[in-house]
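A.B. asks: Quick one, data_10.txt (compact mmCIF, C-alpha atoms):
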```txt
# COMPACT_ATOMS: atom_id res chain seq x y z
CA MET A 1 0.00 0.00 0.00
CA PRO A 2 1.61 3.33 -1.04
CA VAL A 3 2.04 6.07 1.55
CA LEU A 4 2.05 9.73 0.53
CA SER A 5 4.15 12.03 2.74
CA LYS A 6 3.28 15.71 3.15
CA GLY A 7 5.70 16.99 5.76
CA SER A 8 4.80 15.20 9.00
CA LEU A 9 1.50 13.99 7.50
CA LYS A 10 1.26 10.44 6.15
CA ILE A 11 -1.63 9.39 3.88
CA ASP A 12 -1.99 5.77 2.87
CA TYR A 13 -4.10 4.52 0.01
CA THR A 14 -4.46 1.75 -2.51
CA ASP A 15 -3.75 2.40 -6.18
CA ASP A 16 -5.09 -0.02 -8.80
CA GLY A 17 -5.76 0.09 -12.50
CA LYS A 18 -5.22 2.73 -15.17
CA GLY A 19 -7.36 5.46 -16.65
CA GLN A 20 -9.31 8.36 -15.20
CA ALA A 21 -8.94 8.56 -11.42
CA VAL A 22 -11.76 7.46 -9.12
CA ILE A 23 -11.11 8.28 -5.45
CA LEU A 24 -13.02 6.22 -2.89
CA VAL A 25 -13.66 7.63 0.60
CA HIS A 26 -14.68 5.16 3.31
CA SER A 27 -17.18 5.32 6.17
CA SER A 28 -16.50 5.52 9.92
CA VAL A 29 -15.23 2.41 11.73
CA SER A 30 -14.09 0.99 8.41
CA GLY A 31 -11.11 2.02 6.28
CA ASN A 32 -10.24 1.73 2.62
CA ARG A 33 -10.48 -2.06 2.79
CA GLN A 34 -14.25 -1.62 2.44
CA TRP A 35 -13.73 -0.87 -1.25
CA ARG A 36 -12.02 -4.11 -2.31
CA SER A 37 -14.90 -5.44 -4.38
CA LEU A 38 -15.68 -2.05 -5.96
CA THR A 39 -12.00 -1.63 -6.84
CA GLU A 40 -12.09 -5.01 -8.58
CA ALA A 41 -15.19 -3.92 -10.52
CA LEU A 42 -13.59 -0.67 -11.71
CA LYS A 43 -9.86 -1.21 -12.13
CA ASP A 44 -10.05 -2.56 -15.69
CA ARG A 45 -11.01 0.93 -16.93
CA TYR A 46 -10.21 3.41 -14.15
CA ARG A 47 -7.33 4.23 -11.86
CA VAL A 48 -8.92 3.50 -8.49
CA LEU A 49 -7.46 5.15 -5.39
CA ALA A 50 -8.98 4.21 -2.03
CA ILE A 51 -7.77 6.55 0.68
CA ASN A 52 -7.55 6.05 4.43
CA LEU A 53 -8.82 9.06 6.40
CA PHE A 54 -7.18 10.36 9.59
CA GLY A 55 -6.40 7.57 12.04
CA TYR A 56 -7.06 4.64 9.69
CA GLY A 57 -4.32 2.33 8.45
CA GLU A 58 -1.03 4.20 8.18
CA THR A 59 -2.63 7.63 7.77
CA THR A 60 -1.61 10.03 10.53
CA PRO A 61 -4.05 10.07 13.48
CA TRP A 62 -5.95 13.26 14.20
CA PRO A 63 -4.31 15.24 17.05
CA GLU A 64 -6.15 14.95 20.36
CA THR A 65 -5.77 18.66 21.08
CA SER A 66 -7.97 20.07 18.29
CA SER A 67 -11.44 19.68 16.82
CA GLN A 68 -11.54 17.96 13.44
CA SER A 69 -13.11 19.68 10.42
CA LEU A 70 -14.36 18.51 7.06
CA HIS A 71 -11.92 20.96 5.50
CA ALA A 72 -9.00 19.13 7.10
CA GLN A 73 -10.27 15.74 5.96
CA ALA A 74 -10.88 17.10 2.46
CA GLN A 75 -7.24 18.20 2.28
CA LEU A 76 -6.28 14.52 2.29
CA ILE A 77 -8.33 14.10 -0.89
CA LEU A 78 -6.77 17.17 -2.48
CA SER A 79 -3.29 15.91 -1.64
CA LEU A 80 -4.06 12.64 -3.38
CA CYS A 81 -5.46 14.50 -6.38
CA GLU A 82 -2.09 16.21 -6.78
CA GLU A 83 -0.68 12.78 -7.63
CA VAL A 84 -3.00 12.23 -10.63
CA ASP A 85 -3.61 14.05 -13.90
CA GLY A 86 -6.84 15.33 -15.35
CA SER A 87 -10.36 15.33 -13.96
CA VAL A 88 -11.38 12.99 -11.17
CA HIS A 89 -14.45 11.23 -9.78
CA LEU A 90 -15.26 10.93 -6.06
CA VAL A 91 -17.23 8.21 -4.28
CA GLY A 92 -17.96 8.61 -0.56
CA HIS A 93 -19.91 6.56 1.97
CA SER A 94 -21.38 7.99 5.20
CA VAL A 95 -18.70 10.26 6.72
CA GLY A 96 -16.76 9.65 3.51
CA GLY A 97 -19.72 11.21 1.70
CA SER A 98 -19.45 14.33 3.86
CA VAL A 99 -15.70 14.52 3.21
CA ALA A 100 -16.34 14.06 -0.51
CA LEU A 101 -18.89 16.89 -0.44
CA LYS A 102 -16.36 19.26 1.10
CA ALA A 103 -13.64 18.12 -1.30
CA ALA A 104 -16.04 18.69 -4.21
CA LEU A 105 -16.26 22.39 -3.36
CA LEU A 106 -12.48 22.67 -3.19
CA LEU A 107 -11.87 20.72 -6.41
CA GLY A 108 -14.35 22.80 -8.41
CA PRO A 109 -14.41 22.04 -12.15
CA ARG A 110 -11.74 19.37 -11.82
CA LEU A 111 -14.36 17.08 -10.29
CA GLU A 112 -16.40 15.37 -12.99
CA LYS A 113 -18.67 13.00 -11.05
CA LEU A 114 -19.62 12.75 -7.38
CA ILE A 115 -21.33 9.71 -5.85
CA LEU A 116 -22.69 9.98 -2.31
CA LEU A 117 -23.70 6.76 -0.57
CA GLU A 118 -25.79 7.60 2.50
CA PRO A 119 -23.91 10.86 3.21
CA ASN A 120 -24.03 12.18 6.79
CA PRO A 121 -23.54 16.00 6.90
CA PHE A 122 -25.62 16.18 10.07
CA PHE A 123 -25.04 19.91 10.53
CA LEU A 124 -27.49 20.52 7.67
CA LEU A 125 -30.31 19.16 9.83
CA LYS A 126 -29.79 21.96 12.35
CA GLN A 127 -29.40 24.57 9.61
CA ARG A 128 -32.67 23.57 7.96
CA GLY A 129 -34.77 23.06 11.07
CA ARG A 130 -35.05 19.27 10.96
CA THR A 131 -35.12 19.19 14.75
CA GLU A 132 -36.23 15.62 15.42
CA ALA A 133 -33.59 14.15 13.13
CA PHE A 134 -30.88 16.46 14.47
CA LEU A 135 -31.63 15.57 18.10
CA GLU A 136 -31.50 11.86 17.26
CA THR A 137 -28.04 12.43 15.84
CA TRP A 138 -27.02 14.67 18.74
CA ASN A 139 -27.86 11.95 21.25
CA LEU A 140 -25.57 9.49 19.46
CA TYR A 141 -22.87 12.16 19.17
CA GLU A 142 -22.99 12.83 22.91
CA HIS A 143 -22.91 9.10 23.69
CA VAL A 144 -19.77 8.50 21.64
CA LYS A 145 -18.12 11.65 22.99
CA TYR A 146 -18.90 10.85 26.62
CA PHE A 147 -17.82 7.22 26.65
CA GLY A 148 -14.90 7.87 24.32
CA SER A 149 -13.64 10.64 26.60
CA SER A 150 -13.83 8.31 29.59
CA GLY A 151 -12.03 5.53 27.70
CA ASP A 152 -15.04 3.20 27.70
CA TRP A 153 -14.76 2.40 24.01
CA PRO A 154 -16.80 -0.85 24.18
CA LYS A 155 -19.76 1.16 25.51
CA ALA A 156 -19.37 3.70 22.71
CA ALA A 157 -19.01 0.93 20.13
CA GLN A 158 -22.09 -1.00 21.27
CA ARG A 159 -24.53 1.84 20.70
CA PHE A 160 -22.79 2.93 17.51
CA ALA A 161 -23.01 -0.59 16.06
CA ASP A 162 -26.65 -1.09 17.05
CA TYR A 163 -27.66 2.28 15.62
CA TRP A 164 -26.05 1.89 12.20
CA ASN A 165 -26.19 -1.89 11.76
CA GLY A 166 -29.48 -2.63 13.50
CA GLU A 167 -30.53 -3.35 17.08
CA GLY A 168 -28.81 -6.44 18.43
CA SER A 169 -25.86 -6.19 16.04
CA TRP A 170 -23.36 -5.82 18.87
CA LYS A 171 -24.72 -8.80 20.77
CA ALA A 172 -24.54 -10.94 17.64
CA MET A 173 -20.91 -10.05 16.91
CA PRO A 174 -18.22 -12.66 17.63
CA GLU A 175 -15.76 -11.51 20.29
CA LYS A 176 -12.95 -11.08 17.76
CA ARG A 177 -15.13 -8.83 15.61
CA ARG A 178 -16.13 -6.78 18.66
CA ALA A 179 -12.47 -6.19 19.52
CA ALA A 180 -11.77 -5.02 15.96
CA PHE A 181 -14.82 -2.74 16.06
CA VAL A 182 -13.68 -1.15 19.33
CA ALA A 183 -10.25 -0.46 17.87
CA ALA A 184 -11.74 1.00 14.70
CA ILE A 185 -14.22 3.35 16.39
CA MET A 186 -11.56 5.59 17.90
CA PRO A 187 -11.11 7.87 14.83
CA SER A 188 -14.91 8.35 14.82
CA PHE A 189 -14.57 10.28 18.08
CA HIS A 190 -13.07 13.17 16.06
CA GLU A 191 -15.14 12.65 12.90
CA TRP A 192 -18.28 13.54 14.84
CA ASP A 193 -16.97 17.08 15.33
CA ALA A 194 -16.46 17.45 11.58
CA VAL A 195 -20.00 16.40 10.62
CA MET A 196 -21.74 18.26 13.45
CA LYS A 197 -19.91 21.61 13.40
CA GLU A 198 -19.43 22.37 9.69
CA GLU A 199 -21.14 25.59 8.50
CA THR A 200 -21.32 25.21 4.70
CA THR A 201 -24.85 25.78 3.45
CA ILE A 202 -26.67 23.38 1.15
CA GLU A 203 -26.89 26.11 -1.50
CA ALA A 204 -23.13 25.87 -2.00
CA TRP A 205 -23.48 22.27 -3.18
CA SER A 206 -26.43 23.03 -5.42
CA ALA A 207 -24.01 25.09 -7.53
CA LEU A 208 -21.60 22.19 -8.10
CA THR A 209 -20.84 21.51 -11.75
CA ALA A 210 -20.07 17.83 -11.13
CA GLU A 211 -22.70 15.27 -12.08
CA THR A 212 -23.91 13.92 -8.75
CA LEU A 213 -25.64 10.73 -7.66
CA VAL A 214 -27.08 10.13 -4.18
CA VAL A 215 -27.90 6.58 -3.06
CA CYS A 216 -30.08 6.03 0.01
CA ASP A 217 -31.92 3.17 1.67
CA ARG A 218 -35.56 3.98 2.42
CA THR A 219 -35.23 2.21 5.80
CA THR A 220 -31.99 3.89 6.87
CA PRO A 221 -31.99 5.94 10.14
CA LEU A 222 -34.10 9.09 10.07
CA PRO A 223 -31.21 11.61 9.99
CA ILE A 224 -29.83 10.19 6.74
CA ARG A 225 -33.29 10.12 5.13
CA GLU A 226 -33.83 13.74 6.16
CA ILE A 227 -30.44 14.78 4.75
CA VAL A 228 -31.22 13.14 1.41
CA ASP A 229 -34.63 14.85 1.46
CA LEU A 230 -32.90 18.21 1.94
CA PHE A 231 -30.61 17.54 -0.99
CA ALA A 232 -33.54 16.48 -3.16
CA GLU A 233 -35.25 19.80 -2.40
CA ALA A 234 -32.17 21.97 -2.93
CA CYS A 235 -30.51 19.96 -5.73
CA PRO A 236 -33.28 18.53 -7.95
CA HIS A 237 -30.79 18.39 -10.84
CA TRP A 238 -28.87 15.63 -9.06
CA SER A 239 -29.71 11.97 -9.57
CA TYR A 240 -31.20 9.85 -6.76
CA ARG A 241 -31.38 6.09 -6.39
CA PHE A 242 -33.18 4.27 -3.59
CA ILE A 243 -32.83 0.78 -2.19
CA ASN A 244 -34.91 -1.06 0.40
CA HIS A 245 -34.00 -2.97 3.56
CA PHE A 246 -30.24 -3.19 2.95
CA GLY A 247 -29.37 -0.55 5.53
CA HIS A 248 -26.84 2.22 5.99
CA MET A 249 -23.91 -0.16 5.68
CA ALA A 250 -25.03 -1.63 2.35
CA PRO A 251 -21.78 -0.64 0.56
CA LEU A 252 -20.02 -3.11 2.91
CA THR A 253 -22.72 -5.71 3.54
CA HIS A 254 -24.32 -5.78 0.08
CA PRO A 255 -21.75 -4.60 -2.49
CA GLU A 256 -23.61 -6.65 -5.11
CA VAL A 257 -26.43 -4.09 -4.77
CA ILE A 258 -24.36 -0.89 -4.54
CA ASN A 259 -21.44 -1.54 -6.88
CA PRO A 260 -23.51 -1.86 -10.08
CA MET A 261 -25.12 1.54 -9.36
CA VAL A 262 -21.71 3.13 -8.89
CA CYS A 263 -20.29 1.52 -12.03
CA GLU A 264 -23.32 2.47 -14.13
CA PHE A 265 -23.14 6.11 -13.07
CA LEU A 266 -19.40 6.37 -13.63
CA ASP A 267 -19.58 4.66 -17.00
CA SER A 268 -22.54 6.63 -18.35
CA GLU A 269 -22.06 9.69 -20.51
CA ILE A 270 -25.51 11.06 -19.65
CA THR A 271 -27.25 10.29 -16.36
CA LEU A 272 -30.90 10.69 -15.56
CA CYS A 273 -32.03 13.18 -12.93
CA VAL A 274 -34.83 12.13 -10.60
CA ALA A 275 -36.28 15.38 -9.34
CA GLY A 276 -38.28 15.63 -6.13
CA ALA A 277 -37.33 12.12 -5.07
CA GLY A 278 -36.95 13.18 -1.45
CA ALA A 279 -40.72 13.23 -1.05
CA ASN A 280 -40.72 9.44 -1.38
CA LEU A 281 -38.50 8.97 1.64
CA LYS A 282 -41.18 9.70 4.22
```
Any chance you could give the structure as structure tokens?

C.D. replies:
Amino acid sequence: MPVLSKGSLKIDYTDDGKGQAVILVHSSVSGNRQWRSLTEALKDRYRVLAINLFGYGETTPWPETSSQSLHAQAQLILSLCEEVDGSVHLVGHSVGGSVALKAALLLGPRLEKLILLEPNPFFLLKQRGRTEAFLETWNLYEHVKYFGSSGDWPKAAQRFADYWNGEGSWKAMPEKRRAAFVAAIMPSFHEWDAVMKEETTIEAWSALTAETLVVCDRTTPLPIREIVDLFAEACPHWSYRFINHFGHMAPLTHPEVINPMVCEFLDSEITLCVAGAGANLK
């Protein structure tokens, strides 16, 4: 796995295939390994770069003394883009979707296509008055912050896993998987600050020139459904695809469902826009 050095900062990533660059940005409690099957599906015609965000793999951990921002995470993407020529595509899942959104603004016209899989810019819920959904997110944020600060990572991990993977997920996990989950949740402690405290307005993204696809499960937690609804209202020129009963973690648990959507959108010269799709989420 190559490691890019920028002063004291280390960024690790995978680099497979040749062609136009597609940069894959993973979710929380995951890492770039989540993209193995998608990389295999794309590398015969694209150069696929799957990055590790702060604290994952060999990428430098986020410093404990400061609050993380989406701008800082997006700089990792921009640094990787300096290593490739021409226009690029971005694919982001969950927090990776939020990072990809911020990077999209910074990349401007160099970004050709943007794919957001269950993006989680929770700060938009507060901006747009989606109080119930924001408070649901805030409760989880406070839980992770409290138990993470006290060093009780298993307690933080249990609620996190049950919220995003379904009630009882933690109990059903083998002990070895639980241990790995606890180790992987630590970077999420800082990622919450980035997705809760950002101030970019949704209107900024409506002006993006990149073709954009949003993929959402109709049964995903309320905050994600509300975020996608907000995007559908503000960005009706984007494309929206919906799945059912595969959950927030579908890119990992059901790549056979998600990967064909990603490949189809990247490969197409003209994509269809589904306007007003957010109304179908409720």

A.B. asks: Quick one: everything within 12 Å of His190 (chain A), counting all atoms listed in the file, minus sequence neighbours fewer than 2 positions away in the same chain. Send it as number ranges by chain.

C.D. replies: A: 28-29, 53-55, 61-70, 72-73, 95, 141, 144-145, 148-149, 185-188, 192-197

A.B. asks: Enumerate, as number ranges by chain, the protein, DNA and RNA residues whose atoms approach (-26.5, -3.0, 8.1) to within 8 Å, taking into account only C-alpha atoms and the coordinate frame of the file.

C.D. replies: A: 164-166, 246-250, 253

A.B. asks: Give me the residues of region 112-176 of chain A that have any atom at most 9 Å from an atom of region 217-225 of chain A; for each, the nearest atom pair and the distance in Å, rounded to one decimal. Use only C-alpha atoms, sort by chain and number, and format it as JSON lines.

C.D. replies:
```
{"residue": "A:Glu118", "atom": "CA", "partner": "A:Ile224", "partner_atom": "CA", "distance": 6.4}
{"residue": "A:Pro119", "atom": "CA", "partner": "A:Ile224", "partner_atom": "CA", "distance": 6.9}
{"residue": "A:Asn120", "atom": "CA", "partner": "A:Ile224", "partner_atom": "CA", "distance": 6.1}
{"residue": "A:Pro121", "atom": "CA", "partner": "A:Ile224", "partner_atom": "CA", "distance": 8.6}
{"residue": "A:Phe122", "atom": "CA", "partner": "A:Pro223", "partner_atom": "CA", "distance": 7.2}
{"residue": "A:Leu125", "atom": "CA", "partner": "A:Pro223", "partner_atom": "CA", "distance": 7.6}
{"residue": "A:Arg130", "atom": "CA", "partner": "A:Pro223", "partner_atom": "CA", "distance": 8.6}
{"residue": "A:Glu132", "atom": "CA", "partner": "A:Pro223", "partner_atom": "CA", "distance": 8.4}
{"residue": "A:Ala133", "atom": "CA", "partner": "A:Pro223", "partner_atom": "CA", "distance": 4.7}
{"residue": "A:Phe134", "atom": "CA", "partner": "A:Pro223", "partner_atom": "CA", "distance": 6.6}
{"residue": "A:Glu136", "atom": "CA", "partner": "A:Pro223", "partner_atom": "CA", "distance": 7.3}
{"residue": "A:Thr137", "atom": "CA", "partner": "A:Pro223", "partner_atom": "CA", "distance": 6.7}
{"residue": "A:Tyr163", "atom": "CA", "partner": "A:Pro221", "partner_atom": "CA", "distance": 7.9}
{"residue": "A:Trp164", "atom": "CA", "partner": "A:Pro221", "partner_atom": "CA", "distance": 7.5}
```

A.B. asks: Leaving out region 155-159 of chain A and any residue of its chain fewer than 6 positions from it, which residues lie within 9 Å of it when counting only C-alpha atoms, given as an MDAnalysis selection string?

C.D. replies: chainID A and resid 140 143:148 167 169:171 178 181:182 185

A.B. asks: What's the separation between CA of Val91 (chain A) and CA of Leu117 (chain A), in Å to one decimal place?

C.D. replies: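 Answer for the CA of Val91 (chain A) to CA of Leu117 (chain A) separation: 7.6 Å.
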
A.B. asks: Which is closest to Leu106 (chain A) among A:Ala74, A:Leu124, A:Cys81, A:Leu135, if we use only C-alpha atoms?

C.D. replies: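 Using only C-alpha atoms, the shortest distance to Leu106 (chain A) belongs to A:Ala74.
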
A.B. asks: Kindly give the distance, in Å, that separates CA of Phe242 (chain A) and CA of Leu78 (chain A), rounded to a single decimal.

C.D. replies: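 About the pair CA of Phe242 (chain A) and CA of Leu78 (chain A): they are 29.4 Å apart.
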
A.B. asks: May I ask which of the residues A:Arg128, A:His89, A:His245, A:Arg110 is the closest one to Leu24 (chain A), counting all atoms listed in the file?

C.D. replies: A:His89

A.B. asks: For the point (-3.6, 10.1, -5.1) in file coordinates, what residues are within 12 Å, counting only C-alpha atoms? Give the answer as an NGL selection string?

C.D. replies: :A and (1-5 or 11-16 or 20-25 or 47-52 or 75-86 or 88-90)

A.B. asks: Compile the contact shell of Arg241 (chain A) as number ranges by chain: residues with an atom at most 8 Å away, counting all atoms listed in the file, same-chain residues fewer than 3 positions apart removed.

C.D. replies: A: 213-216

A.B. asks: Report, in Å with one decimal, the straight-line distance from CA of Gly57 (chain A) to CA of Leu105 (chain A).

C.D. replies: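 Spanning CA of Gly57 (chain A) to CA of Leu105 (chain A) is a straight-line distance of 26.2 Å.
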
A.B. asks: Please write out, as JSON, where the centre of an axis-aligned box around all listed atoms of region 42-55 of chain A lies and how long its edges are, in Å to one decimal, after adding 5 Å on each side.

C.D. replies:
```
{"center_x": -10.0, "center_y": 3.9, "center_z": -2.4, "size_x": 17.2, "size_y": 22.9, "size_z": 39.0}
```

A.B. asks: Here is a test: counting all atoms listed in the file, which residue of A:Thr131, A:Ser27, A:Gly17, A:Asn244 is nearest to Thr39 (chain A)?

C.D. replies: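 Ranking A:Thr131, A:Ser27, A:Gly17, A:Asn244 by distance to Thr39 (chain A), first place goes to A:Gly17.
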
A.B. asks: For Val228 (chain A), which residue among A:Val257, A:Leu42, A:Ala210, A:Leu116 is the nearest when counting only C-alpha atoms?

C.D. replies: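 Among the listed residues, A:Leu116 lies closest to Val228 (chain A).
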
A.B. asks: Between A:Glu175, A:Gly108, A:Arg33, A:Phe160, which residue has the minimum interatomic distance to Asn139 (chain A), considering only C-alpha atoms?

C.D. replies: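 Of the candidates, the smallest distance to Asn139 (chain A) is held by A:Phe160.
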
A.B. asks: Hey, which of A:Leu9, A:Ile115, A:Leu208, A:Ala234 ends up closest to Glu264 (chain A)? Count only C-alpha atoms.

C.D. replies: A:Ile115
